[in-house]
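Engineer: Following this line is query.cif, made up of mmCIF, C-alpha atoms:
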```cif
data_work
loop_
_atom_site.group_PDB
_atom_site.id
_atom_site.type_symbol
_atom_site.label_atom_id
_atom_site.label_comp_id
_atom_site.auth_asym_id
_atom_site.auth_seq_id
_atom_site.Cartn_x
_atom_site.Cartn_y
_atom_site.Cartn_z
ATOM 1 C CA PHE A 1 75.018 -10.603 160.193
ATOM 2 C CA LYS A 2 74.174 -12.299 156.924
ATOM 3 C CA GLN A 3 76.994 -13.844 154.991
ATOM 4 C CA LYS A 4 76.984 -12.737 151.357
ATOM 5 C CA THR A 5 77.087 -15.275 148.565
ATOM 6 C CA ALA A 6 79.850 -15.182 145.978
ATOM 7 C CA TYR A 7 77.315 -13.819 143.470
ATOM 8 C CA GLU A 8 76.312 -10.987 145.820
ATOM 9 C CA ILE A 9 79.954 -10.137 146.513
ATOM 10 C CA ARG A 10 80.684 -10.054 142.795
ATOM 11 C CA LEU A 11 77.717 -7.757 142.191
ATOM 12 C CA SER A 12 78.869 -5.518 145.052
ATOM 13 C CA LEU A 13 82.371 -5.260 143.604
ATOM 14 C CA VAL A 14 81.060 -4.496 140.138
ATOM 15 C CA GLY A 15 78.771 -1.826 141.581
ATOM 16 C CA SER A 16 81.663 -0.236 143.476
ATOM 17 C CA GLU A 17 83.873 -0.217 140.393
ATOM 18 C CA MET A 18 81.144 1.374 138.300
ATOM 19 C CA CYS A 19 80.568 4.036 140.957
ATOM 20 C CA ILE A 20 84.262 4.881 140.948
ATOM 21 C CA GLU A 21 84.484 4.946 137.151
ATOM 22 C CA THR A 22 81.343 7.062 136.851
ATOM 23 C CA ALA A 23 82.543 9.496 139.510
ATOM 24 C CA VAL A 24 85.956 9.924 137.886
ATOM 25 C CA ILE A 25 84.681 10.426 134.339
ATOM 26 C CA ASN A 26 82.051 12.941 135.539
ATOM 27 C CA ALA A 27 84.467 14.877 137.765
ATOM 28 C CA SER A 28 85.218 17.646 135.272
ATOM 29 C CA THR A 29 81.589 18.212 134.276
ATOM 30 C CA GLY A 30 80.562 18.103 137.921
ATOM 31 C CA GLN A 31 83.123 20.712 138.925
ATOM 32 C CA THR A 32 82.090 22.921 135.999
ATOM 33 C CA ALA A 33 78.445 22.689 137.033
ATOM 34 C CA ILE A 34 79.312 23.611 140.626
ATOM 35 C CA CYS A 35 81.475 26.532 139.504
ATOM 36 C CA TYR A 36 78.773 28.070 137.322
ATOM 37 C CA GLY A 37 75.740 27.053 139.362
ATOM 38 C CA LEU A 38 74.340 24.712 136.720
ATOM 39 C CA SER A 39 71.694 22.255 137.857
ATOM 40 C CA GLY A 40 69.900 19.329 136.283
ATOM 41 C CA GLU A 41 71.199 16.389 134.293
ATOM 42 C CA ASN A 42 74.971 16.106 134.306
ATOM 43 C CA THR A 43 76.831 13.283 132.624
ATOM 44 C CA THR A 44 79.861 12.471 130.494
ATOM 45 C CA ILE A 45 79.742 10.341 127.346
ATOM 46 C CA SER A 46 82.789 8.257 126.459
ATOM 47 C CA THR A 47 82.469 6.641 123.030
ATOM 48 C CA GLY A 48 85.737 7.546 121.373
ATOM 49 C CA LEU A 49 85.685 10.159 118.624
ATOM 50 C CA SER A 50 81.871 10.148 118.561
ATOM 51 C CA SER A 51 81.574 11.231 122.225
ATOM 52 C CA GLY A 52 80.781 14.896 121.545
ATOM 53 C CA LEU A 53 78.037 14.223 118.994
ATOM 54 C CA LYS A 54 76.565 11.466 121.160
ATOM 55 C CA ALA A 55 76.438 13.934 124.060
ATOM 56 C CA ILE A 56 74.312 16.183 121.861
ATOM 57 C CA ALA A 57 72.121 13.230 120.873
ATOM 58 C CA ARG A 58 71.647 12.366 124.552
ATOM 59 C CA ALA A 59 70.657 15.968 125.291
ATOM 60 C CA VAL A 60 68.069 15.792 122.506
ATOM 61 C CA ASP A 61 66.659 12.569 123.973
ATOM 62 C CA ALA A 62 66.478 14.131 127.455
ATOM 63 C CA ILE A 63 64.519 17.108 126.137
ATOM 64 C CA ARG A 64 62.176 14.972 124.043
ATOM 65 C CA SER A 65 61.410 12.746 127.032
ATOM 66 C CA GLY A 66 60.525 15.774 129.164
ATOM 67 C CA ARG A 67 63.385 15.319 131.647
ATOM 68 C CA SER A 68 64.871 18.689 130.677
ATOM 69 C CA THR A 69 63.985 21.810 128.719
ATOM 70 C CA THR A 70 67.454 23.336 128.205
ATOM 71 C CA LEU A 71 70.817 21.575 128.203
ATOM 72 C CA LEU A 72 74.405 22.527 127.411
ATOM 73 C CA ALA A 73 76.005 19.754 125.349
ATOM 74 C CA GLY A 74 79.212 19.288 123.426
ATOM 75 C CA GLY A 75 82.801 18.338 124.011
ATOM 76 C CA VAL A 76 86.164 19.601 125.217
ATOM 77 C CA GLU A 77 89.600 18.245 124.411
ATOM 78 C CA GLU A 78 92.995 19.323 125.705
ATOM 79 C CA LEU A 79 96.026 17.625 124.225
ATOM 80 C CA SER A 80 98.827 16.275 126.361
ATOM 81 C CA ASP A 81 102.072 14.413 125.807
ATOM 82 C CA GLU A 82 100.497 11.273 127.255
ATOM 83 C CA LEU A 83 97.593 11.435 124.810
ATOM 84 C CA LYS A 84 99.914 11.975 121.860
ATOM 85 C CA LEU A 85 102.071 9.009 122.890
ATOM 86 C CA ALA A 86 98.966 6.833 123.152
ATOM 87 C CA PHE A 87 98.068 7.583 119.539
ATOM 88 C CA VAL A 88 101.678 7.094 118.438
ATOM 89 C CA ASP A 89 101.715 3.659 120.091
ATOM 90 C CA SER A 90 98.407 2.775 118.427
ATOM 91 C CA GLY A 91 99.864 3.530 114.999
ATOM 92 C CA MET A 92 97.249 6.195 114.251
ATOM 93 C CA PHE A 93 99.589 9.143 114.651
ATOM 94 C CA THR A 94 102.541 8.912 112.278
ATOM 95 C CA ALA A 95 105.280 11.231 111.068
ATOM 96 C CA SER A 96 103.255 12.152 107.973
ATOM 97 C CA THR A 97 100.502 13.673 110.093
ATOM 98 C CA VAL A 98 102.661 16.610 111.134
ATOM 99 C CA ASN A 99 102.506 18.014 107.598
ATOM 100 C CA LYS A 100 99.789 20.617 108.157
ATOM 101 C CA ASN A 101 100.324 22.301 104.782
ATOM 102 C CA ASN A 102 99.083 19.401 102.686
ATOM 103 C CA SER A 103 95.522 18.263 103.378
ATOM 104 C CA ASP A 104 96.000 15.342 100.938
ATOM 105 C CA VAL A 105 98.582 13.640 103.168
ATOM 106 C CA PRO A 106 96.836 10.685 104.840
ATOM 107 C CA GLY A 107 97.016 10.515 108.590
ATOM 108 C CA PHE A 108 95.499 11.479 111.879
ATOM 109 C CA ARG A 109 95.839 15.235 112.496
ATOM 110 C CA LEU A 110 95.305 15.883 116.185
ATOM 111 C CA SER A 111 93.890 19.180 117.385
ATOM 112 C CA GLU A 112 92.245 20.478 120.526
ATOM 113 C CA GLY A 113 89.419 22.797 121.425
ATOM 114 C CA ALA A 114 86.012 23.183 123.017
ATOM 115 C CA ALA A 115 82.588 23.348 121.384
ATOM 116 C CA LEU A 116 79.335 23.576 123.327
ATOM 117 C CA LEU A 117 75.801 24.129 122.071
ATOM 118 C CA VAL A 118 72.589 25.075 123.838
ATOM 119 C CA ILE A 119 70.064 22.336 123.075
ATOM 120 C CA GLU A 120 66.639 23.655 123.998
ATOM 121 C CA GLU A 121 62.951 22.849 123.723
ATOM 122 C CA GLU A 122 61.470 25.102 121.040
ATOM 123 C CA THR A 123 58.916 26.888 123.231
ATOM 124 C CA ALA A 124 61.527 27.531 125.933
ATOM 125 C CA ALA A 125 63.850 29.142 123.386
ATOM 126 C CA ALA A 126 61.019 31.291 122.024
ATOM 127 C CA ALA A 127 59.990 32.375 125.533
ATOM 128 C CA ARG A 128 63.413 33.894 126.225
ATOM 129 C CA GLY A 129 63.748 35.358 122.736
ATOM 130 C CA ALA A 130 66.679 33.184 121.779
ATOM 131 C CA ARG A 131 67.829 32.914 118.185
ATOM 132 C CA ALA A 132 67.513 29.387 116.831
ATOM 133 C CA PHE A 133 70.253 28.410 114.386
ATOM 134 C CA GLY A 134 68.608 25.121 113.424
ATOM 135 C CA LYS A 135 66.456 22.199 114.536
ATOM 136 C CA VAL A 136 67.408 18.627 115.365
ATOM 137 C CA ALA A 137 65.048 16.511 113.282
ATOM 138 C CA GLY A 138 66.536 13.104 113.982
ATOM 139 C CA VAL A 139 69.333 11.261 115.763
ATOM 140 C CA GLY A 140 70.773 7.816 115.233
ATOM 141 C CA SER A 141 73.609 5.733 116.588
ATOM 142 C CA ALA A 142 75.094 2.303 116.047
ATOM 143 C CA PHE A 143 78.042 0.212 117.134
ATOM 144 C CA ASP A 144 80.104 -2.229 115.118
ATOM 145 C CA VAL A 145 80.384 -5.321 117.307
ATOM 146 C CA SER A 146 82.869 -7.140 115.076
ATOM 147 C CA ILE A 147 86.294 -7.616 116.630
ATOM 148 C CA ASP A 148 88.173 -8.715 113.513
ATOM 149 C CA GLY A 149 88.068 -5.429 111.591
ATOM 150 C CA ASP A 150 85.333 -6.576 109.206
ATOM 151 C CA GLN A 151 84.953 -3.624 106.841
ATOM 152 C CA GLN A 152 81.444 -4.482 105.645
ATOM 153 C CA SER A 153 80.251 -4.800 109.229
ATOM 154 C CA PHE A 154 81.588 -1.316 109.980
ATOM 155 C CA VAL A 155 79.980 0.056 106.798
ATOM 156 C CA ASP A 156 76.646 -1.475 107.814
ATOM 157 C CA SER A 157 76.877 0.208 111.234
ATOM 158 C CA VAL A 158 77.466 3.626 109.659
ATOM 159 C CA VAL A 159 74.540 3.071 107.275
ATOM 160 C CA GLN A 160 72.330 2.067 110.215
ATOM 161 C CA SER A 161 73.277 5.194 112.166
ATOM 162 C CA MET A 162 72.434 7.478 109.245
ATOM 163 C CA ARG A 163 69.241 5.609 108.383
ATOM 164 C CA LEU A 164 67.971 5.797 111.972
ATOM 165 C CA SER A 165 68.329 9.577 111.973
ATOM 166 C CA LEU A 166 66.509 9.814 108.628
ATOM 167 C CA ASP A 167 63.721 7.477 109.743
ATOM 168 C CA GLU A 168 63.164 9.465 112.932
ATOM 169 C CA ALA A 169 62.654 12.607 110.848
ATOM 170 C CA CYS A 170 60.573 10.741 108.211
ATOM 171 C CA PHE A 171 63.111 11.803 105.556
ATOM 172 C CA ARG A 172 64.362 9.916 102.538
ATOM 173 C CA PRO A 173 68.018 9.963 101.477
ATOM 174 C CA ASN A 174 67.319 12.263 98.515
ATOM 175 C CA ASP A 175 65.803 14.832 100.916
ATOM 176 C CA ILE A 176 69.278 15.565 102.319
ATOM 177 C CA ASP A 177 71.149 18.584 100.948
ATOM 178 C CA CYS A 178 74.525 17.966 102.557
ATOM 179 C CA VAL A 179 76.476 15.517 104.713
ATOM 180 C CA VAL A 180 79.101 16.806 107.147
ATOM 181 C CA THR A 181 81.457 13.845 107.160
ATOM 182 C CA SER A 182 83.726 12.535 109.876
ATOM 183 C CA GLN A 183 86.699 12.209 107.496
ATOM 184 C CA ASN A 184 89.860 12.804 109.525
ATOM 185 C CA GLY A 185 92.657 10.977 107.726
ATOM 186 C CA LEU A 186 92.278 7.519 109.297
ATOM 187 C CA GLU A 187 92.014 5.271 106.252
ATOM 188 C CA PHE A 188 89.777 2.488 107.612
ATOM 189 C CA PRO A 189 86.919 4.533 109.173
ATOM 190 C CA ASP A 190 87.166 7.130 106.374
ATOM 191 C CA GLU A 191 86.745 4.479 103.703
ATOM 192 C CA CYS A 192 83.896 2.837 105.631
ATOM 193 C CA GLU A 193 82.058 6.160 105.834
ATOM 194 C CA ARG A 194 82.587 6.809 102.115
ATOM 195 C CA GLN A 195 81.154 3.394 101.255
ATOM 196 C CA ALA A 196 78.243 3.880 103.662
ATOM 197 C CA ILE A 197 77.316 7.234 102.113
ATOM 198 C CA SER A 198 77.509 5.725 98.634
ATOM 199 C CA GLN A 199 75.407 2.754 99.720
ATOM 200 C CA LEU A 200 72.697 4.863 101.379
ATOM 201 C CA PHE A 201 72.440 7.733 98.921
ATOM 202 C CA GLY A 202 73.411 5.992 95.692
ATOM 203 C CA CYS A 203 74.920 7.664 92.644
ATOM 204 C CA ALA A 204 71.796 9.301 91.194
ATOM 205 C CA HIS A 205 71.413 12.089 93.757
ATOM 206 C CA PRO A 206 74.577 12.248 95.895
ATOM 207 C CA PRO A 207 74.521 14.949 98.577
ATOM 208 C CA ARG A 208 77.145 17.640 98.915
ATOM 209 C CA LEU A 209 79.933 16.609 101.258
ATOM 210 C CA LEU A 210 81.742 18.793 103.795
ATOM 211 C CA ALA A 211 84.856 17.649 105.686
ATOM 212 C CA PRO A 212 85.685 20.308 108.294
ATOM 213 C CA LYS A 213 88.264 18.078 109.989
ATOM 214 C CA ALA A 214 90.463 18.440 106.895
ATOM 215 C CA ILE A 215 90.922 22.040 108.046
ATOM 216 C CA ILE A 216 90.567 22.011 111.840
ATOM 217 C CA GLY A 217 91.968 18.534 112.458
ATOM 218 C CA GLU A 218 90.590 15.793 114.695
ATOM 219 C CA SER A 219 89.764 17.331 118.066
ATOM 220 C CA LEU A 220 88.521 14.027 119.504
ATOM 221 C CA GLY A 221 85.752 14.737 122.032
ATOM 222 C CA ALA A 222 85.180 18.215 120.604
ATOM 223 C CA GLY A 223 85.136 17.003 116.993
ATOM 224 C CA GLY A 224 81.430 16.152 116.670
ATOM 225 C CA PRO A 225 80.201 19.433 118.185
ATOM 226 C CA MET A 226 82.591 21.376 115.916
ATOM 227 C CA GLN A 227 81.053 19.547 112.958
ATOM 228 C CA MET A 228 77.609 20.581 114.236
ATOM 229 C CA ILE A 229 78.690 24.214 114.391
ATOM 230 C CA SER A 230 80.102 23.936 110.864
ATOM 231 C CA ALA A 231 76.749 22.571 109.689
ATOM 232 C CA LEU A 232 74.767 25.338 111.411
ATOM 233 C CA LEU A 233 77.041 28.023 109.941
ATOM 234 C CA ARG A 234 76.678 26.470 106.494
ATOM 235 C CA MET A 235 72.914 26.438 106.960
ATOM 236 C CA SER A 236 72.826 30.146 107.811
ATOM 237 C CA GLN A 237 74.970 31.305 104.880
ATOM 238 C CA SER A 238 73.188 33.122 102.069
ATOM 239 C CA LEU A 239 74.757 31.208 99.208
ATOM 240 C CA PRO A 240 73.249 30.558 95.760
ATOM 241 C CA VAL A 241 72.722 26.919 96.794
ATOM 242 C CA ARG A 242 71.418 26.759 100.341
ATOM 243 C CA CYS A 243 71.652 23.697 102.564
ATOM 244 C CA LEU A 244 68.722 23.400 104.989
ATOM 245 C CA ARG A 245 68.767 19.630 105.593
ATOM 246 C CA ILE A 246 72.192 18.565 106.788
ATOM 247 C CA LEU A 247 73.268 15.184 108.138
ATOM 248 C CA VAL A 248 76.232 15.224 110.537
ATOM 249 C CA ASN A 249 78.251 12.021 111.021
ATOM 250 C CA SER A 250 80.726 11.212 113.758
ATOM 251 C CA ILE A 251 82.563 7.914 113.237
ATOM 252 C CA SER A 252 85.047 6.517 115.748
ATOM 253 C CA TYR A 253 87.820 4.012 115.083
ATOM 254 C CA ASP A 254 86.438 1.790 117.891
ATOM 255 C CA GLY A 255 83.134 1.114 116.107
ATOM 256 C CA HIS A 256 80.927 3.836 117.595
ATOM 257 C CA CYS A 257 78.827 5.775 115.074
ATOM 258 C CA CYS A 258 76.476 8.703 115.586
ATOM 259 C CA SER A 259 74.396 10.758 113.143
ATOM 260 C CA VAL A 260 72.373 13.923 113.772
ATOM 261 C CA LEU A 261 70.002 15.367 111.179
ATOM 262 C CA LEU A 262 69.625 19.148 111.214
ATOM 263 C CA THR A 263 66.956 21.201 109.464
ATOM 264 C CA GLY A 264 66.473 24.937 109.069
ATOM 265 C CA THR A 265 64.306 27.073 111.321
ATOM 266 C CA ASN A 266 60.890 28.288 110.215
ATOM 267 C CA SER A 267 62.335 31.647 109.134
ATOM 268 C CA GLN A 268 65.109 29.947 107.138
ATOM 269 C CA ASN A 269 62.632 27.645 105.427
ATOM 270 C CA ALA A 270 60.398 30.589 104.587
ATOM 271 C CA PHE A 271 63.389 32.379 103.036
ATOM 272 C CA GLU A 272 64.176 29.317 100.970
ATOM 273 C CA ASN A 273 60.589 29.027 99.748
#
```
Translate the structure of the given file into structure tokens.

Structural biologist:
Amino acid sequence: FKQKTAYEIRLSLVGSEMCIETAVINASTGQTAICYGLSGENTTISTGLSSGLKAIARAVDAIRSGRSTTLLAGGVEELSDELKLAFVDSGMFTASTVNKNNSDVPGFRLSEGAALLVIEEETAAAARGARAFGKVAGVGSAFDVSIDGDQQSFVDSVVQSMRLSLDEACFRPNDIDCVVTSQNGLEFPDECERQAISQLFGCAHPPRLLAPKAIIGESLGAGGPMQMISALLRMSQSLPVRCLRILVNSISYDGHCCSVLLTGTNSQNAFEN
């Protein structure tokens, strides 16, 4: 019997706590995988409102690294009284937010839903004859480490997230047709995103802006994937002005930021040309 040092005991306790936390947070995805016979990578991302989009970004990274060829990624959110009370106590959910008929009323409009996307390696999708709605050209993420609500620090984090996704795709800001924003009625992160977009893109060639959460509300973990679906649907529409390079932002009140850059498929690009 070897007596453990205080350092070893502390490490053991931390390891046990992390195992418990990881097991609990992955319980729902694990049960879903068992129910439907899904195998391979299985994990849950918890980064506030950006969780769903970061799950998609993680799936993209897993496929690019060769760990997987096809992954189901997205987010699910079911509202409860406890969740609503938590937002009421935080001051984010106020009486004005219940006015669904006026999209100009500031406030946090909670919603619920589920949005999942098949993220797949291109050759694997082609081999099974799957229709590709778009391509992920770049992903980026950042985190605002300031604890005093420094607005410029938050703006810089959003800019960094968007710039990382552009750099990965070798795109410049004026190459972007449209930005699907994370605007949800929370004044501080909304204003930070507006300033970040203005700072990155400038005033000469501002991109078109879409704010789907103004219609569907903030569905928390499912919000980012719903924005992705909105972007893909916009990309596929035969409108006079087509959008084939769309940047999707997901900004959380806790400082987490994620950006995913989507481009059209080969057939869509050929149609545009």

Engineer: Measuring between all atoms listed in the file, which one of A:Val139, A:Leu49, A:Ile34, A:Ile246 shows the shortest distance to A:Phe108?

Structural biologist: A:Leu49

Engineer: Could you name the residues that touch A:Ala73 at 10 Å or less, counting only C-alpha atoms, but leaving out those on the same chain fewer than 2 positions away, as a list in words?

Structural biologist: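 Once the adjacent positions are removed, what remains is Asn42, Thr43, Thr44, Gly52, Leu53, Lys54, Ala55, Ile56, Ala57, Arg58, Ala59, Val60, Thr70, Leu71, Gly75, Ala115, Leu116, Leu117, Val118, Ile119 and Pro225 of chain A.
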
Engineer: Using only C-alpha atoms, which residue out of A:Leu164, A:Val136, A:Phe188, A:Ala204 lies closest to A:Leu261?

Structural biologist: A:Val136

Engineer: Would you work out the distance separating atom CA of A:Cys203 from atom CA of A:Cys243, expressed in Å to one decimal?

Structural biologist: 19.1 Å

Engineer: Tell me, as a ChimeraX atom specification, which residues lie within 8 Å of A:Gly138, counting all atoms listed in the file; anything in the same chain fewer than 2 positions away does not count.

Structural biologist: /A:136,140,164-169,260-262

Engineer: Which value, in Å to one decimal, gives the distance between atom CA of A:Gln152 and atom CA of A:Gly223?

Structural biologist: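 Atom-to-atom, atom CA of A:Gln152 and atom CA of A:Gly223 are spaced 24.6 Å apart.
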
Engineer: Expanded to explicit residues, what is the PyMOL selection byres ((chain A and resi 161) around 7) for this file, as a count of residues only?

Structural biologist: 14

Engineer: List the residues sitting within 9 Å of (64.8, 11.3, 95.3) in the file's frame, using all atoms listed in the file, as a short mmCIF file (atom, residue, chain, number, x, y, z; two decimals) with C-alpha atoms, keeping the file's coordinate frame.

Structural biologist:
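Ended up saving to part17.cif:
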```
data_model
loop_
_atom_site.label_atom_id
_atom_site.label_comp_id
_atom_site.auth_asym_id
_atom_site.auth_seq_id
_atom_site.Cartn_x
_atom_site.Cartn_y
_atom_site.Cartn_z
CA ARG A 172 64.36 9.92 102.54
CA PRO A 173 68.02 9.96 101.48
CA ASN A 174 67.32 12.26 98.52
CA ASP A 175 65.80 14.83 100.92
CA ALA A 204 71.80 9.30 91.19
CA HIS A 205 71.41 12.09 93.76
#
```

Engineer: What's the 12 Å shell around A:Thr29, counting only C-alpha atoms, without same-chain residues fewer than 4 positions away, as a count of residues only?

Structural biologist: 22

Engineer: Could you check the closest approach to A:Val155 for each of A:Leu244, A:Ala196, A:Ala130, A:Leu83 and tell me which residue wins, using all atoms listed in the file?

Structural biologist: A:Ala196

Engineer: Record the distance separating atom CA of A:Asp61 and atom CA of A:His256, expressed in Å with one decimal.

Structural biologist: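 Distance reported for this atom pair: 17.9 Å.
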
Engineer: List, as a ChimeraX atom specification, every residue that the PyMOL selection byres ((chain A and resi 217) around 7) selects in the file provided.

Structural biologist: /A:109-111,184,213-216,218-219

Engineer: Give the answer as one residue: which of A:Thr263, A:Ser252, A:Ser230, A:Ser153 has the shortest atom-to-atom distance to A:Gly48, using only C-alpha atoms?

Structural biologist: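 Ranking A:Thr263, A:Ser252, A:Ser230, A:Ser153 by distance to A:Gly48, first place goes to A:Ser252.
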
Engineer: Between A:Gly255, A:Gly113, A:Gly129, A:Gly221, which has the minimum distance to A:Pro189 (counting all atoms listed in the file)?

Structural biologist: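 So, comparing all the options, the nearest one is A:Gly255.
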
Engineer: I'd like the neighbourhood of A:Thr69 as a PDB file with C-alpha atoms, in the frame of the given file, where a residue qualifies if any of its atoms comes within 8 Å (using all atoms listed in the file), though same-chain residues fewer than 6 positions away should be ignored.

Structural biologist:
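Result went into result28.pdb, see below:
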```pdb
ATOM      1  CA  ILE A  63      64.519  17.108 126.137  1.00  0.00           C
ATOM      2  CA  GLU A 120      66.639  23.655 123.998  1.00  0.00           C
ATOM      3  CA  GLU A 121      62.951  22.849 123.723  1.00  0.00           C
ATOM      4  CA  ALA A 124      61.527  27.531 125.933  1.00  0.00           C
TER       5      ALA A 124
END
```

Engineer: Could you pull the residues within 8 Å of A:Leu210, counting all atoms listed in the file, minus those fewer than 3 positions along the same chain, as a ChimeraX atom specification?

Structural biologist: /A:178-181

Engineer: Take the PyMOL selection byres ((chain A and resi 78) around 6), apply it to the structure above, and return the hits as a list in words.

Structural biologist: Glu77, Leu79 and Glu112 of chain A

Engineer: Find, counting all atoms listed in the file, the residue in A:Ala114, A:Leu220, A:Val145, A:Ala137 that gets nearest to A:Thr265.

Structural biologist: A:Ala137

Engineer: Could you pull stretch 211-234 of chain A out of the block above and give me N, CA and C atoms, as a tab-separated table (two decimals), in the first residue's frame?

Structural biologist:
```tsv
chain	number	residue	atom	x	y	z
A	211	ALA	N	-31.16	37.87	-39.74
A	211	ALA	CA	-31.32	37.66	-38.30
A	211	ALA	C	-32.50	36.72	-38.06
A	212	PRO	N	-32.31	35.42	-38.29
A	212	PRO	CA	-33.43	34.48	-38.16
A	212	PRO	C	-34.01	34.40	-36.75
A	213	LYS	N	-33.21	34.73	-35.73
A	213	LYS	CA	-33.72	34.65	-34.37
A	213	LYS	C	-34.78	35.70	-34.09
A	214	ALA	N	-34.84	36.74	-34.92
A	214	ALA	CA	-35.91	37.74	-34.77
A	214	ALA	C	-37.26	37.13	-35.05
A	215	ILE	N	-37.26	36.01	-35.80
A	215	ILE	CA	-38.50	35.33	-36.15
A	215	ILE	C	-38.72	34.08	-35.29
A	216	ILE	N	-37.69	33.26	-35.18
A	216	ILE	CA	-37.84	31.97	-34.49
A	216	ILE	C	-37.50	32.04	-33.01
A	217	GLY	N	-36.93	33.16	-32.56
A	217	GLY	CA	-36.54	33.29	-31.17
A	217	GLY	C	-35.18	32.66	-30.90
A	218	GLU	N	-34.77	32.74	-29.64
A	218	GLU	CA	-33.49	32.16	-29.21
A	218	GLU	C	-33.73	30.77	-28.66
A	219	SER	N	-33.34	29.76	-29.43
A	219	SER	CA	-33.55	28.37	-29.01
A	219	SER	C	-32.31	27.77	-28.38
A	220	LEU	N	-31.45	28.63	-27.85
A	220	LEU	CA	-30.31	28.21	-27.02
A	220	LEU	C	-29.42	27.22	-27.76
A	221	GLY	N	-29.33	25.98	-27.28
A	221	GLY	CA	-28.46	25.00	-27.91
A	221	GLY	C	-28.79	24.69	-29.35
A	222	ALA	N	-30.05	24.86	-29.73
A	222	ALA	CA	-30.46	24.60	-31.12
A	222	ALA	C	-30.34	25.83	-32.00
A	223	GLY	N	-30.00	26.98	-31.42
A	223	GLY	CA	-29.99	28.23	-32.17
A	223	GLY	C	-28.99	28.26	-33.31
A	224	GLY	N	-27.73	27.89	-33.04
A	224	GLY	CA	-26.69	27.90	-34.07
A	224	GLY	C	-27.01	26.99	-35.24
A	225	PRO	N	-27.40	25.73	-34.99
A	225	PRO	CA	-27.78	24.86	-36.11
A	225	PRO	C	-28.98	25.39	-36.90
A	226	MET	N	-29.95	26.03	-36.23
A	226	MET	CA	-31.07	26.62	-36.97
A	226	MET	C	-30.59	27.76	-37.86
A	227	GLN	N	-29.60	28.52	-37.39
A	227	GLN	CA	-29.01	29.56	-38.23
A	227	GLN	C	-28.32	28.94	-39.45
A	228	MET	N	-27.65	27.81	-39.23
A	228	MET	CA	-26.99	27.11	-40.34
A	228	MET	C	-28.01	26.69	-41.39
A	229	ILE	N	-29.12	26.14	-40.94
A	229	ILE	CA	-30.18	25.70	-41.86
A	229	ILE	C	-30.74	26.91	-42.60
A	230	SER	N	-30.92	28.02	-41.90
A	230	SER	CA	-31.40	29.24	-42.56
A	230	SER	C	-30.42	29.68	-43.65
A	231	ALA	N	-29.12	29.57	-43.36
A	231	ALA	CA	-28.11	29.96	-44.34
A	231	ALA	C	-28.14	29.04	-45.55
A	232	LEU	N	-28.26	27.73	-45.32
A	232	LEU	CA	-28.28	26.77	-46.42
A	232	LEU	C	-29.53	26.95	-47.29
A	233	LEU	N	-30.67	27.24	-46.65
A	233	LEU	CA	-31.89	27.49	-47.42
A	233	LEU	C	-31.76	28.77	-48.24
A	234	ARG	N	-31.16	29.79	-47.63
A	234	ARG	CA	-30.94	31.04	-48.37
A	234	ARG	C	-30.01	30.81	-49.56
```
